[in-house]
Amino acid sequence: MKQVKITTTATVINTNAHQTQRMTSLEIAKLTGKQHKHVMDAVRKMEAAWVKVCGSKFRLTSRTVIQPNGGTRDVPCYSLTKTECLYIATKFNDEARAKLVLRWEQLERQQLGSSRQQLMLPAPERILQLADHRKSLLILGD
């Protein structure tokens, strides 16, 4: 079997003010130790029930992979939300499901960390110090 290098990072998609994290079926395959074609089969088999319940299909896309000879080719894959991934994971064994759940937890912690940095507020003690300092300036100004 040929070795193919596939980059499989989860992506964050910005839509207006709302962010949606997604994971590709390629990352799911790598994470769970399953062949990508088997993950794709599981997704396809479960899509009809998903459409019936949710009214939407899974997002089919592709990723460019580097071939052993240095060339590249596009590989079809699904780009799934957390909810969609966890639904697909019901087909997996316990160990594979656990790996997927833990990966989503890691992604959420990373996103939470970057959100906190973007919204970094001073510690409550520092806010009180600043308020006291401003109050003392106002009193001195009288």
# chains A, B, ... in the order shown; residues from 1 in each chain; ligands from 1

$ residues_around --residues "A:Arg73" --least-positions-apart "5" --cutoff "10 Å" --atoms "only C-alpha atoms" --output "list in words"
Ser62, Arg63, Thr64, Val65, Ile66 and Gln67 of chain A

$ closest_residue --among "A:Glu27, A:Glu108, A:Glu84, A:Asn93" --to "A:Cys54" --atoms "only C-alpha atoms"
A:Glu84

$ residues_around --residues "A:Leu86" --least-positions-apart "6" --cutoff "12 Å" --atoms "only C-alpha atoms" --output "list in words"
Arg22, Met23, Ser25, Ile28, Val43, Met46, Leu80, Phe92, Ala96, Arg97, Ala98, Lys99, Leu100, Val101, Leu102, Arg103, Trp104 and Glu105 of chain A

$ closest_residue --among "A:Gln21, A:Thr90, A:Gln129, A:Asn69" --to "A:Leu112" --atoms "only C-alpha atoms"
A:Gln21

$ select_by_dssp --residues "stretch 14-43 of chain A" --states "alpha helix (DSSP H)" --output "MDAnalysis selection string"
chainID A and resid 25:32 36:43

$ write_last_selection --atoms "N, CA and C atoms" --output "PDB file, in the first residue's frame"
ATOM      1  N   SER A  25     -13.159  14.114   7.228  1.00  0.00           N
ATOM      2  CA  SER A  25     -13.158  12.653   7.346  1.00  0.00           C
ATOM      3  C   SER A  25     -11.730  12.126   7.286  1.00  0.00           C
ATOM      4  N   LEU A  26     -10.820  12.862   6.660  1.00  0.00           N
ATOM      5  CA  LEU A  26      -9.403  12.462   6.638  1.00  0.00           C
ATOM      6  C   LEU A  26      -8.826  12.484   8.049  1.00  0.00           C
ATOM      7  N   GLU A  27      -9.131  13.537   8.815  1.00  0.00           N
ATOM      8  CA  GLU A  27      -8.632  13.599  10.186  1.00  0.00           C
ATOM      9  C   GLU A  27      -9.279  12.518  11.048  1.00  0.00           C
ATOM     10  N   ILE A  28     -10.559  12.286  10.826  1.00  0.00           N
ATOM     11  CA  ILE A  28     -11.239  11.230  11.579  1.00  0.00           C
ATOM     12  C   ILE A  28     -10.572   9.888  11.319  1.00  0.00           C
ATOM     13  N   ALA A  29     -10.261   9.603  10.059  1.00  0.00           N
ATOM     14  CA  ALA A  29      -9.600   8.339   9.706  1.00  0.00           C
ATOM     15  C   ALA A  29      -8.239   8.220  10.389  1.00  0.00           C
ATOM     16  N   LYS A  30      -7.462   9.283  10.319  1.00  0.00           N
ATOM     17  CA  LYS A  30      -6.132   9.261  10.936  1.00  0.00           C
ATOM     18  C   LYS A  30      -6.233   9.090  12.457  1.00  0.00           C
ATOM     19  N   LEU A  31      -7.142   9.816  13.050  1.00  0.00           N
ATOM     20  CA  LEU A  31      -7.320   9.805  14.497  1.00  0.00           C
ATOM     21  C   LEU A  31      -7.769   8.439  15.015  1.00  0.00           C
ATOM     22  N   THR A  32      -8.669   7.800  14.277  1.00  0.00           N
ATOM     23  CA  THR A  32      -9.245   6.542  14.738  1.00  0.00           C
ATOM     24  C   THR A  32      -8.498   5.313  14.226  1.00  0.00           C
ATOM     25  N   HIS A  36      -9.493   5.703   5.300  1.00  0.00           N
ATOM     26  CA  HIS A  36     -10.367   6.803   4.929  1.00  0.00           C
ATOM     27  C   HIS A  36     -11.578   6.307   4.142  1.00  0.00           C
ATOM     28  N   LYS A  37     -11.395   5.331   3.273  1.00  0.00           N
ATOM     29  CA  LYS A  37     -12.525   4.836   2.484  1.00  0.00           C
ATOM     30  C   LYS A  37     -13.611   4.229   3.385  1.00  0.00           C
ATOM     31  N   HIS A  38     -13.214   3.640   4.514  1.00  0.00           N
ATOM     32  CA  HIS A  38     -14.206   3.090   5.432  1.00  0.00           C
ATOM     33  C   HIS A  38     -14.956   4.201   6.176  1.00  0.00           C
ATOM     34  N   VAL A  39     -14.255   5.269   6.514  1.00  0.00           N
ATOM     35  CA  VAL A  39     -14.921   6.418   7.142  1.00  0.00           C
ATOM     36  C   VAL A  39     -15.899   7.039   6.145  1.00  0.00           C
ATOM     37  N   MET A  40     -15.459   7.192   4.902  1.00  0.00           N
ATOM     38  CA  MET A  40     -16.343   7.746   3.861  1.00  0.00           C
ATOM     39  C   MET A  40     -17.582   6.871   3.683  1.00  0.00           C
ATOM     40  N   ASP A  41     -17.397   5.544   3.684  1.00  0.00           N
ATOM     41  CA  ASP A  41     -18.537   4.630   3.562  1.00  0.00           C
ATOM     42  C   ASP A  41     -19.516   4.821   4.721  1.00  0.00           C
ATOM     43  N   ALA A  42     -18.989   4.934   5.941  1.00  0.00           N
ATOM     44  CA  ALA A  42     -19.842   5.124   7.121  1.00  0.00           C
ATOM     45  C   ALA A  42     -20.635   6.423   6.997  1.00  0.00           C
ATOM     46  N   VAL A  43     -19.975   7.479   6.549  1.00  0.00           N
ATOM     47  CA  VAL A  43     -20.650   8.769   6.395  1.00  0.00           C
ATOM     48  C   VAL A  43     -21.763   8.651   5.357  1.00  0.00           C
TER      49      VAL A  43
END

$ atom_distance --atom1 "atom CA of A:Thr61" --atom2 "atom CA of A:Arg109"
25.9 Å

$ closest_residue --among "A:Leu130, A:Leu137, A:Ile88, A:Val75" --to "A:Lys45" --atoms "only C-alpha atoms"
A:Ile88

$ atom_distance --atom1 "atom CA of A:Lys91" --atom2 "atom CA of A:Thr20"
23.4 Å
